[in-house]
Structure formats: C-alpha cells, structure tokens
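What follows is a single structure, written as structure tokens, with notes after it.
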Amino acid sequence: MNSENIFAKKLNLWYRRHSRDLPWRRTQDPYKIWISEIMLQQTTVTAVIPYYEKWIKEFPTVQDVARAPLQKILKNWQGLGYYTRAKNIHKSAQIIVEQYQGKIPQDPKELKKLPGFGPYTVGAVLSIAFDKRQPIIDANVRRVVMRQLAVAGYAGPSQDPVILQFLERVMPQKGNNIFNQALMELGALVCRNGEPACLICPVQSTCQAYKKERQSLIPASQKRVIKEVEAVIALIKKDGKYFIQRRPSKGLFADLWEFPGGKIEKGESAKAALYREVKEELDAEVRSANFLFQVQQFYTQFKANLHVWSCELASYPKADETHKWVARRHFDRYPMPSGSVKIVERLPYAR
DNA sequence: GTCCGGTTGT
DNA sequence: ACAACCGGAC
C-alpha cells in the first residue's frame, strides 16, 4: 500500500471517530446537500443549522423551491446574509426542474453552468452527494494541504494548482465523499487557522510544516490590501472657533466628532469635493477656500490622505446637539478619530 | 473594533 | 487580479 492510501485511510479513521453530527450529514439527498453547501459558504455551521432545518421543512424538494415565489425564498434566507445565494438557488432550482427533469446534473461542466455553482459547490455536490472523484478546495483544504507540503505563501486561489496536484494523488477511487468531508473537518477542528492542534492530528507524521515547526506560519497571514482614500476636510472658523459635527451612533467612528468633509470622488478636484461636501453636509455655500496642509492617517484597512482647507462660507451653520463651534483650547473635550486629532494639533491657539 | 470566506462581475 | 456581497466569532 502506498503512502497516499495511508493518508486517506488515516483521515477516514479519524473522521469516523471525531466528525460532528450535522443535519446535512444524515442525508444522501443531493438537493439537501446542495442547499447545505450553499448555506455553509461564508457562514458558520452554528448559524446555518436552524436555517437549514427550516428550509428543508419549507421546501422538501427542488420542485418546492422552483415553484415558490422569490419573496418566500428570501424570507427563509432573511438574516443569513449574501442574499444572491438564495436568488441563485431559486434560479438554479427552476433550471433543474425545467431542463434536467428535477435531477441535479452529475456532469461537472453542466453543473458549473448553474448560477451559484462555482468550483467549490460543484466539487462538494458531486463528491458528497454522488461520491464522484472530484476535488473540493475550500479555505480548510487549502490550509491542510499547504501545511502537509509546507508550501510558502498566502492561502488563495493562486495555490490551487499545487493543492489540486496533491488531491489528485490522495483522493480515493471510492469513498471520496467521506475523504473530502474529512479533509474539511480536519481543517475546521484540528488543522485550524493560527495555532493548530498538531498533537492530536491524525496526519501529523506526513506534515512537512509540523516537521519544520512552521505550522503556525503556514499559510502566511494575508497581506492586507491598504486602500488609499483621498478626502477633503473643511476647516470653518468663526469668532475664533471651529465647526465640528458628531458622527452617527452606528458604523465607523460612531459618536466621534470630526470636521465636515468627505471622500474626493474619481475625477473630482479636491476643491470641487470640498464645495460639494459642505453643500451636502451643511447645506451651505463655500465662498472661498484655501488649502492649508495634508495629513496622513493609517487604518487597518485603508490609508487616508486628508486635504485640509480653510473655508469662508456665505452663511454659517447653527450649533445644536450634534454640531458645535469649538475653540482650539476646548477640543480635548470632544472625542475624535486620530486623523482629526492630528489636524487639531496643527491648529494655532487663538491668542 | 478585527478577521474570516465562495461566487460573481469588473 | 480584485472588489463587492454580509454576518458571526472573537
């Protein structure tokens, strides 16, 4: 027996003892497996379980989905997120009923044509429901295989040729349904992101990452994509005080205070953006504006270049609960995002 | 607040 | 190649 068969065998034995008992693992119905796989995309198991149970009760067959109005479909998806998944199930169900006699096609090329069937879902449905020798590559599988082979780099589609080559070697002829699920389950329960539980891993002995003690470094953590954002800030001064406003209670920088302003749109000049933002936020006309300085602020997900302008307005906004006129020496009373603090620090004290 | 993740459309 | 889609875990 070669080493590949041993890999699959070990995984299989482990899965038999340690896999979770989940509703969609108690059925062979391709339709139900399809629904569960779509629900499980981008969504945790615990969130899916109640939706899955309810869905199957509401729509026991693909025909029930196909003839249901979209409103009812969406109602049953409400709260799960990524609503195009539900719409795609609806469309695909109708195609399956009309063009495939209500049977999910078993040809990967045909299946791939249906909306919502990307590479993952095609592999999942064909292998889990029909025990086809099709690979499944999801985030779990990428991580497990990258560690087995000690592949450097980020976990992403660019790794798939190597992953595929490995899977092609180790996938069993029969029982690939269990093998694929075992691989994913191992990724979810043992070969987890960050610090994996190598001491209880059934395939530790073949794991190159473990051998090199690099299991927590593989895959490399995602390079963050720093987006650059250009924004204008309006410094509006009256009687030695500056105008600030409070952000909404929800979302980014909730309840913090900031100067009026906003993103510069594509193809827009900073000055035009300034006039537009002041009009939108304060319903006021800028009479004249002077560029003062630029401030850079880094966040986790983006880098903001704040263009600070001093403005003269045709008429000045009134103060209320969420809009204030504040003297330089009183800014420390107002919580602000760090980018705004940097601006305040460059403002002179009135003498 | 940060991180995570399949499919689709650009 | 990359952003948009969304909610849950932490």
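Each chain in the structure tokens gets a letter, A, B and so on, in the order shown; residues start at 1 in every chain, and ligands are counted from 1 in the order they appear.
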Expected answer as a PyMOL selection string: chain B residues within 9 Å of chain A, only C-alpha atoms (C1' of nucleotides): chain B and resi 2+4-8
Could you dump the residues just selected with N, CA and C atoms (P, O5', C5', C4', C3', O3' and C1' of nucleotides) as a PDB file, in the first residue's frame?
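Everything below was put into out24.pdb:
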```pdb
ATOM      1  P    DT B   2     -10.436  47.742  12.998  1.00  0.00           P
ATOM      2  O5'  DT B   2     -10.207  46.204  13.392  1.00  0.00           O
ATOM      3  C5'  DT B   2      -9.164  45.840  14.300  1.00  0.00           C
ATOM      4  C4'  DT B   2      -8.918  44.354  14.153  1.00  0.00           C
ATOM      5  C3'  DT B   2      -8.691  43.948  12.688  1.00  0.00           C
ATOM      6  O3'  DT B   2      -7.651  43.005  12.621  1.00  0.00           O
ATOM      7  C1'  DT B   2     -10.573  42.799  13.550  1.00  0.00           C
ATOM      8  P    DC B   4      -7.611  36.132   9.091  1.00  0.00           P
ATOM      9  O5'  DC B   4      -8.934  35.450   8.557  1.00  0.00           O
ATOM     10  C5'  DC B   4      -9.587  34.492   9.393  1.00  0.00           C
ATOM     11  C4'  DC B   4     -10.934  34.216   8.817  1.00  0.00           C
ATOM     12  C3'  DC B   4     -10.920  33.930   7.317  1.00  0.00           C
ATOM     13  O3'  DC B   4     -11.023  32.529   7.133  1.00  0.00           O
ATOM     14  C1'  DC B   4     -12.799  35.279   8.015  1.00  0.00           C
ATOM     15  P    DG B   5     -10.570  31.836   5.772  1.00  0.00           P
ATOM     16  O5'  DG B   5     -11.899  31.846   4.909  1.00  0.00           O
ATOM     17  C5'  DG B   5     -13.000  31.032   5.277  1.00  0.00           C
ATOM     18  C4'  DG B   5     -14.138  31.349   4.354  1.00  0.00           C
ATOM     19  C3'  DG B   5     -13.724  31.369   2.868  1.00  0.00           C
ATOM     20  O3'  DG B   5     -14.687  30.653   2.098  1.00  0.00           O
ATOM     21  C1'  DG B   5     -14.787  33.381   3.467  1.00  0.00           C
ATOM     22  P    DG B   6     -14.385  29.252   1.450  1.00  0.00           P
ATOM     23  O5'  DG B   6     -15.680  28.964   0.575  1.00  0.00           O
ATOM     24  C5'  DG B   6     -15.540  28.611  -0.759  1.00  0.00           C
ATOM     25  C4'  DG B   6     -16.808  28.947  -1.474  1.00  0.00           C
ATOM     26  C3'  DG B   6     -16.629  29.006  -2.985  1.00  0.00           C
ATOM     27  O3'  DG B   6     -17.803  28.494  -3.569  1.00  0.00           O
ATOM     28  C1'  DG B   6     -17.181  31.191  -2.149  1.00  0.00           C
ATOM     29  P    DT B   7     -17.875  28.411  -5.165  1.00  0.00           P
ATOM     30  O5'  DT B   7     -18.513  29.815  -5.562  1.00  0.00           O
ATOM     31  C5'  DT B   7     -19.826  30.112  -5.134  1.00  0.00           C
ATOM     32  C4'  DT B   7     -20.305  31.380  -5.815  1.00  0.00           C
ATOM     33  C3'  DT B   7     -20.060  31.423  -7.331  1.00  0.00           C
ATOM     34  O3'  DT B   7     -21.287  31.786  -7.931  1.00  0.00           O
ATOM     35  C1'  DT B   7     -19.185  33.378  -6.294  1.00  0.00           C
ATOM     36  P    DT B   8     -21.433  31.870  -9.531  1.00  0.00           P
ATOM     37  O5'  DT B   8     -21.293  33.455  -9.745  1.00  0.00           O
ATOM     38  C5'  DT B   8     -22.149  34.323  -9.032  1.00  0.00           C
ATOM     39  C4'  DT B   8     -21.750  35.763  -9.307  1.00  0.00           C
ATOM     40  C3'  DT B   8     -21.521  36.080 -10.799  1.00  0.00           C
ATOM     41  O3'  DT B   8     -22.284  37.230 -11.097  1.00  0.00           O
ATOM     42  C1'  DT B   8     -19.716  36.863  -9.491  1.00  0.00           C
TER      43       DT B   8
END
```
Skipping near chain neighbours, those fewer than 6 positions away, what residues fall within 8 Å of DC6 in chain C using only C-alpha atoms (C1' of nucleotides), listed as a count of residues only? 3
Those in range 195-329 of chain A with helix (DSSP H, G or I) from DSSP, as a ChimeraX atom specification: /A:198-200,204-206,208-211,270-282,328-329
Contact residues (chain C, partner chain A, 8 Å, only C-alpha atoms (C1' of nucleotides)) as number ranges by chain: C: 5-8
Saved selection, atoms kept: C-alpha atoms (C1' of nucleotides), as a short mmCIF file (atom, residue, chain, number, x, y, z; two decimals), in the first residue's frame:
```cif
data_model
loop_
_atom_site.label_atom_id
_atom_site.label_comp_id
_atom_site.auth_asym_id
_atom_site.auth_seq_id
_atom_site.Cartn_x
_atom_site.Cartn_y
_atom_site.Cartn_z
"C1'" DC C 5 -21.52 40.92 -1.18
"C1'" DC C 6 -22.91 40.01 4.65
"C1'" DG C 7 -22.99 38.23 9.27
"C1'" DG C 8 -20.74 35.75 13.07
#
```
Write out as a PyMOL selection string each polymer residue whose atoms come within 7 Å of Ala155 in chain A, counting only C-alpha atoms (C1' of nucleotides); drop sequence neighbours fewer than 4 positions from it. chain A and resi 142-143+159+219
Between CA of Ile96 in chain A and CA of Trp77 in chain A, what distance in Å does the model show, to one decimal?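 Here the two named atoms are 20.2 Å from each other.
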Go ahead and compute the interatomic distance for CA of Ile128 in chain A and CA of Glu37 in chain A, in Å to one decimal.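 Interatomic distance, CA of Ile128 in chain A to CA of Glu37 in chain A: 9.9 Å.
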Within range 135-277 of chain A, find each residue whose DSSP state, derived from the backbone, is strand (DSSP E or B), and express the selection as a PyMOL selection string. chain A and resi 154+220+227-238+241-246+257-258+261-263
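Relative to CA of Pro135 in chain A, CA of Asn176 in chain A is found at 8.5 Å.
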When you look at Leu199 in chain A with a cut-off of 12 Å (counting only C-alpha atoms (C1' of nucleotides)), what residues show up, excluding the ones that are within fewer than 4 positions of it in the same chain? I need them as a list in words. Val190, Cys191, Glu195, Val203, Gln204, Ser205, Cys207, Tyr210 and Gln215 of chain A
